[in-house]
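File shown: my_file-v3.txt (compact mmCIF, C-alpha atoms and all ligand atoms).
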```
# COMPACT_ATOMS: atom_id res chain seq x y z
CA MET Z 1 -74.37 -55.48 -27.47
CA ALA Z 2 -78.08 -56.26 -27.35
CA GLY Z 3 -80.85 -56.37 -24.75
CA HIS Z 4 -80.16 -56.41 -21.05
CA LEU Z 5 -76.39 -56.62 -21.61
CA ALA Z 6 -76.11 -53.27 -23.41
CA ILE Z 7 -74.32 -50.49 -21.50
CA ARG Z 8 -76.84 -47.62 -21.50
CA THR Z 9 -75.87 -45.68 -18.39
CA VAL Z 10 -72.46 -45.40 -16.75
CA GLY Z 11 -71.70 -44.68 -13.10
CA ILE Z 12 -68.43 -43.24 -11.81
CA VAL Z 13 -67.30 -43.35 -8.18
CA GLY Z 14 -64.66 -40.70 -7.49
CA ALA Z 15 -64.52 -37.26 -9.12
CA GLY Z 16 -60.74 -36.85 -9.17
CA GLN Z 17 -58.65 -36.46 -12.34
CA MET Z 18 -59.20 -40.10 -13.34
CA GLY Z 19 -62.91 -40.35 -12.49
CA MET Z 20 -63.79 -37.09 -14.25
CA GLY Z 21 -61.58 -37.96 -17.21
CA ILE Z 22 -63.44 -41.27 -17.60
CA ALA Z 23 -66.81 -39.48 -17.18
CA LEU Z 24 -65.93 -36.94 -19.88
CA THR Z 25 -64.65 -39.61 -22.27
CA ALA Z 26 -67.76 -41.81 -21.80
CA ALA Z 27 -70.09 -38.80 -22.25
CA SER Z 28 -68.26 -37.47 -25.32
CA ARG Z 29 -66.75 -40.41 -27.24
CA ALA Z 30 -69.32 -43.06 -26.25
CA ALA Z 31 -72.19 -40.50 -25.97
CA LEU Z 32 -73.46 -42.25 -22.85
CA PRO Z 33 -75.21 -40.66 -19.88
CA VAL Z 34 -72.86 -40.67 -16.89
CA LYS Z 35 -73.65 -40.29 -13.20
CA VAL Z 36 -70.77 -39.27 -10.95
CA PHE Z 37 -70.65 -39.81 -7.20
CA ASP Z 38 -68.04 -38.47 -4.79
CA LYS Z 39 -68.45 -38.01 -1.07
CA SER Z 40 -66.41 -34.80 -1.24
CA SER Z 41 -68.26 -31.77 -2.66
CA GLN Z 42 -64.91 -30.05 -3.11
CA GLN Z 43 -63.73 -32.90 -5.33
CA ILE Z 44 -66.97 -32.69 -7.37
CA GLU Z 45 -66.58 -28.95 -7.78
CA GLY Z 46 -62.99 -29.34 -9.02
CA GLY Z 47 -64.01 -32.20 -11.33
CA LEU Z 48 -66.83 -30.21 -12.93
CA LYS Z 49 -64.48 -27.26 -13.45
CA LEU Z 50 -62.00 -29.57 -15.21
CA VAL Z 51 -64.74 -30.91 -17.51
CA ALA Z 52 -65.99 -27.40 -18.30
CA SER Z 53 -62.49 -26.16 -19.12
CA LEU Z 54 -61.68 -29.16 -21.38
CA LEU Z 55 -64.98 -28.75 -23.26
CA ALA Z 56 -64.41 -25.00 -23.61
CA LYS Z 57 -60.96 -25.74 -25.08
CA ASP Z 58 -62.48 -28.17 -27.61
CA VAL Z 59 -65.01 -25.50 -28.66
CA HIS Z 60 -62.27 -22.88 -28.83
CA LYS Z 61 -60.16 -25.16 -31.06
CA GLY Z 62 -63.17 -25.74 -33.34
CA ARG Z 63 -63.27 -29.50 -32.62
CA ILE Z 64 -66.86 -29.40 -31.40
CA SER Z 65 -69.67 -26.86 -31.62
CA THR Z 66 -71.11 -25.05 -28.62
CA ASP Z 67 -74.25 -27.20 -28.94
CA GLU Z 68 -72.23 -30.41 -28.95
CA SER Z 69 -70.36 -29.21 -25.89
CA LYS Z 70 -73.69 -28.53 -24.14
CA ASP Z 71 -74.92 -32.02 -25.10
CA VAL Z 72 -71.83 -33.65 -23.61
CA HIS Z 73 -72.15 -31.53 -20.48
CA SER Z 74 -75.82 -32.44 -20.10
CA ARG Z 75 -74.97 -36.14 -20.23
CA ILE Z 76 -72.83 -35.79 -17.07
CA SER Z 77 -74.77 -35.53 -13.82
CA VAL Z 78 -73.63 -35.51 -10.24
CA VAL Z 79 -75.45 -37.70 -7.71
CA SER Z 80 -75.52 -37.20 -3.98
CA ALA Z 81 -75.42 -40.84 -2.84
CA LEU Z 82 -73.97 -44.13 -4.04
CA ASP Z 83 -77.42 -45.74 -4.26
CA LYS Z 84 -78.35 -43.27 -7.02
CA LEU Z 85 -76.10 -45.41 -9.26
CA LYS Z 86 -78.60 -48.27 -9.07
CA ASP Z 87 -79.71 -48.05 -12.71
CA CYS Z 88 -76.16 -47.99 -14.10
CA ASP Z 89 -75.22 -50.91 -16.35
CA LEU Z 90 -71.53 -50.35 -15.71
CA VAL Z 91 -69.87 -48.53 -12.82
CA VAL Z 92 -66.20 -47.54 -12.83
CA GLU Z 93 -64.71 -46.99 -9.40
CA ALA Z 94 -61.88 -44.43 -9.40
CA ALA Z 95 -61.57 -43.76 -5.66
CA ALA Z 96 -58.46 -43.78 -3.48
CA GLU Z 97 -55.87 -46.50 -4.08
CA ASN Z 98 -56.72 -48.33 -0.87
CA LEU Z 99 -58.03 -51.91 -0.61
CA LEU Z 100 -60.42 -51.27 2.30
CA VAL Z 101 -61.94 -48.21 0.60
CA LYS Z 102 -62.44 -50.16 -2.62
CA GLN Z 103 -63.85 -53.25 -0.89
CA SER Z 104 -66.43 -51.17 0.95
CA ILE Z 105 -67.49 -49.39 -2.29
CA PHE Z 106 -67.78 -52.69 -4.18
CA SER Z 107 -69.65 -54.40 -1.40
CA ALA Z 108 -72.21 -51.53 -1.43
CA LEU Z 109 -72.41 -51.40 -5.26
CA SER Z 110 -73.05 -55.14 -5.51
CA GLN Z 111 -76.13 -54.67 -3.34
CA ILE Z 112 -77.31 -51.45 -5.01
CA CYS Z 113 -76.88 -52.27 -8.71
CA ALA Z 114 -78.78 -54.77 -10.84
CA PRO Z 115 -77.32 -58.30 -10.89
CA SER Z 116 -76.33 -57.82 -14.55
CA SER Z 117 -74.33 -54.62 -13.98
CA VAL Z 118 -70.58 -54.63 -14.56
CA LEU Z 119 -68.54 -53.36 -11.60
CA ALA Z 120 -65.17 -52.10 -12.85
CA THR Z 121 -62.24 -50.72 -10.89
CA ASN Z 122 -59.65 -48.28 -12.21
CA THR Z 123 -57.11 -49.56 -9.68
CA SER Z 124 -53.49 -49.31 -10.78
CA SER Z 125 -52.12 -52.09 -8.59
CA ILE Z 126 -54.66 -53.69 -6.24
CA SER Z 127 -55.68 -57.27 -7.04
CA ILE Z 128 -58.98 -57.53 -8.94
CA THR Z 129 -59.47 -60.99 -7.42
CA LYS Z 130 -59.15 -59.51 -3.92
CA ILE Z 131 -61.64 -56.70 -4.64
CA ALA Z 132 -64.07 -59.21 -6.24
CA ALA Z 133 -63.87 -61.44 -3.17
CA SER Z 134 -65.66 -58.74 -1.14
CA VAL Z 135 -68.86 -58.80 -3.21
CA ALA Z 136 -71.86 -61.07 -3.65
CA ARG Z 137 -71.37 -61.39 -7.44
CA PRO Z 138 -67.59 -61.57 -7.95
CA GLU Z 139 -68.03 -62.65 -11.59
CA MET Z 140 -69.24 -59.08 -12.41
CA VAL Z 141 -66.02 -57.42 -11.14
CA VAL Z 142 -63.30 -56.46 -13.63
CA GLY Z 143 -60.29 -54.16 -13.89
CA LEU Z 144 -60.46 -51.25 -16.37
CA HIS Z 145 -57.22 -49.35 -15.95
CA PHE Z 146 -57.26 -45.94 -17.65
CA PHE Z 147 -54.24 -43.65 -18.00
CA ASN Z 148 -53.85 -40.00 -17.10
CA PRO Z 149 -54.91 -37.72 -18.80
CA VAL Z 150 -57.79 -40.03 -19.73
CA PRO Z 151 -59.15 -37.99 -22.67
CA VAL Z 152 -55.68 -38.01 -24.27
CA MET Z 153 -54.14 -41.41 -23.52
CA LYS Z 154 -55.23 -44.05 -25.99
CA LEU Z 155 -54.89 -47.15 -23.82
CA VAL Z 156 -57.08 -49.04 -21.38
CA GLU Z 157 -55.71 -52.12 -19.66
CA LEU Z 158 -58.34 -54.82 -19.10
CA ILE Z 159 -57.82 -57.20 -16.20
CA ALA Z 160 -59.81 -60.30 -15.29
CA GLY Z 161 -59.74 -61.50 -11.71
CA LEU Z 162 -59.95 -65.25 -11.10
CA GLN Z 163 -63.72 -64.91 -10.74
CA THR Z 164 -64.46 -62.50 -13.67
CA SER Z 165 -66.88 -64.03 -16.22
CA PRO Z 166 -66.14 -63.92 -19.98
CA SER Z 167 -69.32 -61.88 -20.50
CA THR Z 168 -68.21 -59.25 -17.94
CA LEU Z 169 -64.81 -59.07 -19.62
CA SER Z 170 -66.25 -58.58 -23.10
CA ARG Z 171 -68.80 -55.97 -21.95
CA ALA Z 172 -66.02 -54.01 -20.20
CA GLN Z 173 -63.88 -54.23 -23.36
CA SER Z 174 -66.79 -52.99 -25.53
CA PHE Z 175 -67.25 -50.02 -23.21
CA ALA Z 176 -63.55 -49.10 -23.37
CA GLU Z 177 -63.64 -49.37 -27.18
CA ALA Z 178 -66.79 -47.23 -27.33
CA CYS Z 179 -64.74 -44.64 -25.40
CA GLY Z 180 -62.29 -44.67 -28.32
CA LYS Z 181 -59.56 -46.62 -26.51
CA GLU Z 182 -57.27 -49.43 -27.59
CA VAL Z 183 -57.45 -52.32 -25.14
CA THR Z 184 -54.71 -54.61 -23.92
CA GLN Z 185 -55.34 -57.47 -21.52
CA SER Z 186 -53.21 -58.28 -18.50
CA ALA Z 187 -53.33 -61.06 -15.95
CA ASP Z 188 -54.18 -60.05 -12.39
CA VAL Z 189 -50.55 -59.73 -11.25
CA PRO Z 190 -49.27 -56.85 -9.05
CA GLY Z 191 -49.15 -53.66 -11.17
CA PHE Z 192 -50.51 -55.53 -14.23
CA VAL Z 193 -48.27 -54.99 -17.27
CA SER Z 194 -48.19 -51.17 -17.16
CA ASN Z 195 -47.10 -50.45 -13.62
CA ALA Z 196 -44.94 -53.56 -13.28
CA LEU Z 197 -42.83 -51.95 -16.03
CA LEU Z 198 -43.31 -48.25 -15.27
CA MET Z 199 -42.74 -48.18 -11.50
CA PRO Z 200 -39.22 -49.70 -11.41
CA PHE Z 201 -38.30 -47.24 -14.18
CA LEU Z 202 -39.58 -44.22 -12.23
CA ASN Z 203 -37.97 -45.50 -9.05
CA GLU Z 204 -34.62 -45.98 -10.79
CA ALA Z 205 -34.77 -42.35 -11.95
CA ILE Z 206 -35.46 -41.20 -8.38
CA MET Z 207 -32.51 -43.29 -7.16
CA CYS Z 208 -30.28 -41.66 -9.80
CA LEU Z 209 -31.25 -38.29 -8.35
CA GLU Z 210 -30.75 -39.57 -4.80
CA LYS Z 211 -27.24 -40.81 -5.61
CA GLY Z 212 -26.31 -37.55 -7.35
CA VAL Z 213 -25.74 -39.26 -10.71
CA ALA Z 214 -27.23 -36.24 -12.50
CA THR Z 215 -29.47 -33.25 -11.90
CA LYS Z 216 -33.23 -33.72 -12.11
CA GLU Z 217 -33.26 -31.64 -15.28
CA ASP Z 218 -30.61 -33.81 -16.93
CA ILE Z 219 -32.27 -37.07 -15.88
CA ASP Z 220 -35.53 -35.90 -17.48
CA LYS Z 221 -33.81 -34.44 -20.53
CA THR Z 222 -32.02 -37.75 -21.14
CA LEU Z 223 -35.33 -39.59 -21.48
CA ARG Z 224 -37.14 -36.81 -23.33
CA LEU Z 225 -34.47 -36.11 -25.91
CA GLY Z 226 -32.61 -39.41 -25.95
CA MET Z 227 -35.61 -41.73 -25.96
CA ALA Z 228 -38.45 -39.46 -27.16
CA HIS Z 229 -40.52 -39.79 -23.99
CA PRO Z 230 -43.11 -36.98 -23.80
CA MET Z 231 -42.08 -36.33 -20.18
CA GLY Z 232 -38.97 -37.28 -18.23
CA PRO Z 233 -39.46 -39.81 -15.40
CA LEU Z 234 -39.29 -37.24 -12.58
CA GLN Z 235 -41.79 -35.01 -14.37
CA LEU Z 236 -44.00 -38.05 -14.93
CA ALA Z 237 -43.77 -39.11 -11.28
CA ASP Z 238 -44.87 -35.57 -10.28
CA PHE Z 239 -47.68 -35.79 -12.82
CA ILE Z 240 -48.97 -39.15 -11.51
CA GLY Z 241 -48.53 -38.01 -7.88
CA LEU Z 242 -45.66 -39.16 -5.69
CA ASP Z 243 -48.11 -40.51 -3.09
CA THR Z 244 -49.73 -42.66 -5.79
CA CYS Z 245 -46.31 -43.84 -7.03
CA LEU Z 246 -45.34 -44.75 -3.46
CA ALA Z 247 -48.62 -46.62 -2.83
CA ILE Z 248 -48.22 -48.60 -6.06
CA GLN Z 249 -44.58 -49.41 -5.37
CA GLN Z 250 -45.39 -50.53 -1.83
CA THR Z 251 -48.09 -52.87 -3.17
CA LEU Z 252 -45.72 -54.29 -5.79
CA HIS Z 253 -42.96 -54.77 -3.21
CA ARG Z 254 -45.25 -56.33 -0.61
CA GLU Z 255 -47.04 -58.66 -3.00
CA THR Z 256 -44.02 -59.91 -4.93
CA GLY Z 257 -41.40 -59.73 -2.16
CA ASP Z 258 -39.02 -58.65 -4.93
CA ASP Z 259 -36.57 -55.89 -4.00
CA LYS Z 260 -36.59 -54.51 -7.53
CA TYR Z 261 -39.89 -52.88 -6.50
CA ARG Z 262 -38.61 -51.40 -3.20
CA PRO Z 263 -39.47 -47.67 -3.18
CA SER Z 264 -36.46 -45.37 -2.83
CA VAL Z 265 -35.93 -43.58 0.49
CA LEU Z 266 -36.16 -40.21 -1.28
CA LEU Z 267 -39.64 -41.01 -2.65
CA GLY Z 268 -40.85 -41.81 0.89
CA ARG Z 269 -39.33 -38.58 2.24
CA MET Z 270 -40.94 -36.47 -0.49
CA VAL Z 271 -44.32 -37.93 0.46
CA ASP Z 272 -43.56 -37.35 4.19
CA ALA Z 273 -42.96 -33.68 3.35
CA GLY Z 274 -46.26 -33.42 1.49
CA TRP Z 275 -44.36 -32.67 -1.73
CA VAL Z 276 -46.42 -35.10 -3.75
CA GLY Z 277 -46.15 -33.49 -7.17
CA ARG Z 278 -48.26 -31.29 -9.40
CA LYS Z 279 -51.45 -31.50 -7.38
CA ALA Z 280 -49.58 -30.16 -4.30
CA GLY Z 281 -47.77 -27.43 -6.24
CA LYS Z 282 -44.45 -29.07 -5.40
CA GLY Z 283 -42.74 -32.36 -6.10
CA PHE Z 284 -39.39 -32.77 -7.80
CA TYR Z 285 -40.37 -29.50 -9.51
CA GLU Z 286 -42.46 -26.50 -8.44
CA TYR Z 287 -45.79 -25.80 -10.18
N1 LIG G 1 -56.78 -33.65 -18.97
C1 LIG G 1 -57.19 -33.65 -20.25
N2 LIG G 1 -56.39 -33.26 -21.27
C2 LIG G 1 -55.16 -32.84 -20.97
C3 LIG G 1 -54.67 -32.80 -19.65
C4 LIG G 1 -55.55 -33.24 -18.63
N3 LIG G 1 -55.16 -33.26 -17.35
N4 LIG G 1 -53.40 -32.34 -19.69
C5 LIG G 1 -53.10 -32.10 -20.96
N5 LIG G 1 -54.17 -32.40 -21.73
C6 LIG G 1 -54.29 -32.27 -23.18
C7 LIG G 1 -54.13 -30.83 -23.57
O1 LIG G 1 -55.34 -30.15 -23.37
C8 LIG G 1 -53.74 -30.95 -25.01
O2 LIG G 1 -54.89 -31.24 -25.78
P1 LIG G 1 -55.09 -30.62 -27.22
O3 LIG G 1 -54.05 -31.18 -28.10
O4 LIG G 1 -56.45 -31.09 -27.54
O5 LIG G 1 -55.00 -29.15 -27.05
C9 LIG G 1 -52.90 -32.22 -25.06
O6 LIG G 1 -53.20 -32.92 -23.83
C10 LIG G 1 -51.45 -31.90 -25.09
O7 LIG G 1 -51.19 -31.04 -23.98
P2 LIG G 1 -50.14 -29.86 -23.99
O8 LIG G 1 -49.97 -29.36 -25.39
O9 LIG G 1 -50.51 -28.89 -22.93
O10 LIG G 1 -48.80 -30.52 -23.44
P3 LIG G 1 -47.98 -31.72 -23.98
O11 LIG G 1 -47.91 -31.77 -25.45
O12 LIG G 1 -46.74 -31.62 -23.19
O13 LIG G 1 -48.78 -33.04 -23.52
C11 LIG G 1 -49.28 -34.74 -22.00
C12 LIG G 1 -49.18 -33.25 -22.21
C13 LIG G 1 -50.36 -35.35 -22.91
C14 LIG G 1 -49.65 -34.96 -20.55
C15 LIG G 1 -47.88 -35.40 -22.37
O14 LIG G 1 -46.86 -34.73 -21.69
C16 LIG G 1 -47.79 -36.87 -22.06
O15 LIG G 1 -48.26 -37.71 -22.82
N6 LIG G 1 -47.16 -37.20 -20.90
C17 LIG G 1 -47.06 -38.57 -20.44
C18 LIG G 1 -48.35 -38.97 -19.80
C19 LIG G 1 -48.33 -40.38 -19.31
O16 LIG G 1 -47.38 -41.13 -19.45
N7 LIG G 1 -49.44 -40.78 -18.72
C20 LIG G 1 -49.58 -42.09 -18.11
C21 LIG G 1 -49.26 -41.99 -16.65
S1 LIG G 1 -49.29 -43.57 -15.87
C22 LIG G 1 -50.92 -43.77 -15.46
O17 LIG G 1 -51.77 -42.92 -15.62
C23 LIG G 1 -51.23 -45.09 -14.83
C24 LIG G 1 -51.33 -45.01 -13.35
O18 LIG G 1 -51.75 -46.28 -12.91
C25 LIG G 1 -50.09 -44.61 -12.65
```
As structure tokens, what does this structure read like?
Amino acid sequence: MAGHLAIRTVGIVGAGQMGMGIALTAASRAALPVKVFDKSSQQIEGGLKLVASLLAKDVHKGRISTDESKDVHSRISVVSALDKLKDCDLVVEAAAENLLVKQSIFSALSQICAPSSVLATNTSSISITKIAASVARPEMVVGLHFFNPVPVMKLVELIAGLQTSPSTLSRAQSFAEACGKEVTQSADVPGFVSNALLMPFLNEAIMCLEKGVATKEDIDKTLRLGMAHPMGPLQLADFIGLDTCLAIQQTLHRETGDDKYRPSVLLGRMVDAGWVGRKAGKGFYEY
């Protein structure tokens, strides 16, 4: 893409698993300079450690040389304030799955960044149209939904809000493709295609466990060995984070009013207990 529409520098808001995964993928596959902002220094520290360990593994496996690994590393920088993202042509927000948090980030970004910059959100279930409505240039806002672990999963879901311009959509798609991803497009409906399908499936598995239909091991084994899923649904829910699953399911349930999206009682109780999956060391399984 030529001239002022080219994506030359990428900004990331949020240094969690998703944000750092996107940063690493943009810096390695798309060879773009990436600036990462997170208000938590602890989160930044963890994110940088994750990047270093994934690059070290790639060197160890002979996929890249030490010099290439250093180049990728040097393309990722951490910034101390959101306004340091002002020269980014595309910013991907990967902060908490909370509408107010996202609206405040987008409102600030729309004032900080150039009028031509694309403002993308990695939300898994919040309306792109609603996020766009909080900014001065809603036509620049778009959904770019990556999957965890970002460096491994081949898909990015592209979502246009009602206000998203065709140019914003095609620039976001080009960026995702430059990151080596296949792109599918979804309308701005609750959960888009991916989570509208995945969340009732995960919830059904949790309800099977709740009703004592089978053990957690057998529920997961059924899907792994019977349907060739890489992880069983309870393992996958732990991997995504049970708090994230609950937040997505609550959004789907609230926005559609359809009881097929109602989160199971057990999922709510697991989150109440703080047993939110891998990141907490305990979910349906212990880690
Ligand atoms: N970050 C980066 N890479 C990772 C990783 C991470 N967190 N975790 C694993 N990997 C890499 C490993 O390093 C390894 O890479 P290599 O082949 O280059 O060495 C590769 O993934 C395979 O890992 P392992 O050999 O350790 O383990 P598995 O073969 O069991 O694969 C898995 C792990 C890729 C996570 C696989 O189990 C899987 O595909 N699980 C399903 C994941 C999934 O469905 N993700 C989507 C979740 S939904 C989502 O994100 C949307 C949201 O809105 C909810």
Site check for ligand LIG 1 (chain G): residues at most 10 Å away, only C-alpha atoms and all ligand atoms, as a CSV table (one decimal) with C-alpha atoms, in the frame of the given file:
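Listed below is the output, part-v5.csv:
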```
chain,number,residue,atom,x,y,z
Z,17,GLN,CA,-58.6,-36.5,-12.3
Z,18,MET,CA,-59.2,-40.1,-13.3
Z,20,MET,CA,-63.8,-37.1,-14.2
Z,21,GLY,CA,-61.6,-38.0,-17.2
Z,24,LEU,CA,-65.9,-36.9,-19.9
Z,25,THR,CA,-64.6,-39.6,-22.3
Z,50,LEU,CA,-62.0,-29.6,-15.2
Z,51,VAL,CA,-64.7,-30.9,-17.5
Z,53,SER,CA,-62.5,-26.2,-19.1
Z,54,LEU,CA,-61.7,-29.2,-21.4
Z,55,LEU,CA,-65.0,-28.8,-23.3
Z,57,LYS,CA,-61.0,-25.7,-25.1
Z,58,ASP,CA,-62.5,-28.2,-27.6
Z,60,HIS,CA,-62.3,-22.9,-28.8
Z,61,LYS,CA,-60.2,-25.2,-31.1
Z,63,ARG,CA,-63.3,-29.5,-32.6
Z,97,GLU,CA,-55.9,-46.5,-4.1
Z,122,ASN,CA,-59.6,-48.3,-12.2
Z,123,THR,CA,-57.1,-49.6,-9.7
Z,124,SER,CA,-53.5,-49.3,-10.8
Z,125,SER,CA,-52.1,-52.1,-8.6
Z,145,HIS,CA,-57.2,-49.4,-16.0
Z,146,PHE,CA,-57.3,-45.9,-17.6
Z,147,PHE,CA,-54.2,-43.6,-18.0
Z,148,ASN,CA,-53.8,-40.0,-17.1
Z,149,PRO,CA,-54.9,-37.7,-18.8
Z,150,VAL,CA,-57.8,-40.0,-19.7
Z,151,PRO,CA,-59.2,-38.0,-22.7
Z,152,VAL,CA,-55.7,-38.0,-24.3
Z,153,MET,CA,-54.1,-41.4,-23.5
Z,154,LYS,CA,-55.2,-44.0,-26.0
Z,155,LEU,CA,-54.9,-47.2,-23.8
Z,156,VAL,CA,-57.1,-49.0,-21.4
Z,157,GLU,CA,-55.7,-52.1,-19.7
Z,191,GLY,CA,-49.2,-53.7,-11.2
Z,192,PHE,CA,-50.5,-55.5,-14.2
Z,194,SER,CA,-48.2,-51.2,-17.2
Z,195,ASN,CA,-47.1,-50.4,-13.6
Z,196,ALA,CA,-44.9,-53.6,-13.3
Z,198,LEU,CA,-43.3,-48.2,-15.3
Z,199,MET,CA,-42.7,-48.2,-11.5
Z,229,HIS,CA,-40.5,-39.8,-24.0
Z,230,PRO,CA,-43.1,-37.0,-23.8
Z,231,MET,CA,-42.1,-36.3,-20.2
Z,232,GLY,CA,-39.0,-37.3,-18.2
Z,233,PRO,CA,-39.5,-39.8,-15.4
Z,235,GLN,CA,-41.8,-35.0,-14.4
Z,236,LEU,CA,-44.0,-38.0,-14.9
Z,237,ALA,CA,-43.8,-39.1,-11.3
Z,239,PHE,CA,-47.7,-35.8,-12.8
Z,240,ILE,CA,-49.0,-39.2,-11.5
Z,241,GLY,CA,-48.5,-38.0,-7.9
Z,242,LEU,CA,-45.7,-39.2,-5.7
Z,244,THR,CA,-49.7,-42.7,-5.8
Z,245,CYS,CA,-46.3,-43.8,-7.0
Z,248,ILE,CA,-48.2,-48.6,-6.1
```
In the coordinates of the file, take the point (-66.9, -54.6, -18.5) and a cut-off of 10 Å; then, counting only C-alpha atoms, name each qualifying protein, DNA or RNA residue as a compact mmCIF listing (two decimals) with C-alpha atoms, in the frame of the given file.
```txt
# COMPACT_ATOMS: atom_id res chain seq x y z
CA ILE Z 7 -74.32 -50.49 -21.50
CA ASP Z 89 -75.22 -50.91 -16.35
CA LEU Z 90 -71.53 -50.35 -15.71
CA VAL Z 91 -69.87 -48.53 -12.82
CA VAL Z 92 -66.20 -47.54 -12.83
CA SER Z 117 -74.33 -54.62 -13.98
CA VAL Z 118 -70.58 -54.63 -14.56
CA LEU Z 119 -68.54 -53.36 -11.60
CA ALA Z 120 -65.17 -52.10 -12.85
CA THR Z 121 -62.24 -50.72 -10.89
CA MET Z 140 -69.24 -59.08 -12.41
CA VAL Z 141 -66.02 -57.42 -11.14
CA VAL Z 142 -63.30 -56.46 -13.63
CA GLY Z 143 -60.29 -54.16 -13.89
CA LEU Z 144 -60.46 -51.25 -16.37
CA LEU Z 158 -58.34 -54.82 -19.10
CA ILE Z 159 -57.82 -57.20 -16.20
CA ALA Z 160 -59.81 -60.30 -15.29
CA THR Z 164 -64.46 -62.50 -13.67
CA SER Z 165 -66.88 -64.03 -16.22
CA PRO Z 166 -66.14 -63.92 -19.98
CA SER Z 167 -69.32 -61.88 -20.50
CA THR Z 168 -68.21 -59.25 -17.94
CA LEU Z 169 -64.81 -59.07 -19.62
CA SER Z 170 -66.25 -58.58 -23.10
CA ARG Z 171 -68.80 -55.97 -21.95
CA ALA Z 172 -66.02 -54.01 -20.20
CA GLN Z 173 -63.88 -54.23 -23.36
CA SER Z 174 -66.79 -52.99 -25.53
CA PHE Z 175 -67.25 -50.02 -23.21
CA ALA Z 176 -63.55 -49.10 -23.37
```
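Near Ala23 (chain Z), within 8 Å and counting all atoms listed in the file, sit Ile12, Val34, Lys35, Val36 and Ile76 of chain Z; same-chain residues fewer than 5 positions away were not included.
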Do a neighbour search on Arg8 (chain Z) at 8 Å with only C-alpha atoms, toss out local chain neighbours closer than 5 positions, and write the hits as a PDB file with C-alpha atoms, keeping the file's coordinate frame.
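Result saved to selection.pdb:
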```pdb
ATOM      1  CA  LEU Z  32     -73.460 -42.250 -22.850  1.00  0.00           C
ATOM      2  CA  PRO Z  33     -75.210 -40.660 -19.880  1.00  0.00           C
ATOM      3  CA  CYS Z  88     -76.160 -47.990 -14.100  1.00  0.00           C
ATOM      4  CA  ASP Z  89     -75.220 -50.910 -16.350  1.00  0.00           C
TER       5      ASP Z  89
END
```
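Residue nearest Ile206 (chain Z) within the list Z:Leu162, Z:Leu267, Z:Ala247, Z:Val13: Z:Leu267 [criterion: smallest interatomic distance, all atoms listed in the file].
Note that CA of Asp87 (chain Z) and CA of Cys113 (chain Z) are 6.5 Å apart.
Comparing the minimum interatomic distances between Leu5 (chain Z) and each of Z:Ser134, Z:Ser116, Z:Ser264, Z:Gln103, counting all atoms listed in the file, we find that Z:Ser116 sits nearest.
Here CA of Gly19 (chain Z) and CA of Glu93 (chain Z) stand 7.5 Å from one another.
Between CA of Gln42 (chain Z) and CA of Leu246 (chain Z) the interatomic distance comes to 24.5 Å.
Distance annotation: of Z:Lys282, Z:Lys39, Z:Lys86, Z:Lys70, the residue with the minimal separation from Ser110 (chain Z) is Z:Lys86; atom set is only C-alpha atoms.
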Where is the centre and how long are the edges: axis-aligned box on region 155-170 of chain Z, 5 Å on each side, Å to one decimal, as JSON:
```
{"center_x": -62.1, "center_y": -56.2, "center_z": -17.3, "size_x": 24.4, "size_y": 28.1, "size_z": 23.1}
```
(message) For a quick check of understanding, using all atoms listed in the file, which of Z:Pro200, Z:Gly11, Z:Gly268, Z:Gly226 has the smallest distance to Ala81 (chain Z)?
(response) Z:Gly11
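Closest approach to Arg75 (chain Z) among Z:Leu109, Z:Val10, Z:Ile126, Z:Ala228 is made by Z:Val10 (distances from all atoms listed in the file).
Checking Z:Ala6, Z:Ile105, Z:Ile22, Z:Leu99 one by one against Lys181 (chain Z), counting all atoms listed in the file, you find the shortest gap at Z:Ile22.
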(request) Give as a PyMOL selection string the set of residues within 7 Å of the point (-36.4, -41.5, -5.9), where distances use the file's coordinates and all atoms listed in the file. (result) chain Z and resi 203-207+209-210+264-267
I need the residues from that last selection saved to file as a PDB file, keeping the file's coordinate frame (with C-alpha atoms), if you can.
```
ATOM      1  CA  ASN Z 203     -37.970 -45.500  -9.050  1.00  0.00           C
ATOM      2  CA  GLU Z 204     -34.620 -45.980 -10.790  1.00  0.00           C
ATOM      3  CA  ALA Z 205     -34.770 -42.350 -11.950  1.00  0.00           C
ATOM      4  CA  ILE Z 206     -35.460 -41.200  -8.380  1.00  0.00           C
ATOM      5  CA  MET Z 207     -32.510 -43.290  -7.160  1.00  0.00           C
ATOM      6  CA  LEU Z 209     -31.250 -38.290  -8.350  1.00  0.00           C
ATOM      7  CA  GLU Z 210     -30.750 -39.570  -4.800  1.00  0.00           C
ATOM      8  CA  SER Z 264     -36.460 -45.370  -2.830  1.00  0.00           C
ATOM      9  CA  VAL Z 265     -35.930 -43.580   0.490  1.00  0.00           C
ATOM     10  CA  LEU Z 266     -36.160 -40.210  -1.280  1.00  0.00           C
ATOM     11  CA  LEU Z 267     -39.640 -41.010  -2.650  1.00  0.00           C
TER      12      LEU Z 267
END
```
(request) Would you list the contacts of Ser127 (chain Z) as a ChimeraX atom specification, taking every protein, DNA or RNA residue within 8 Å and counting only C-alpha atoms, but skipping same-chain residues closer than 4 positions in sequence? (result) /Z:131,161,188-190
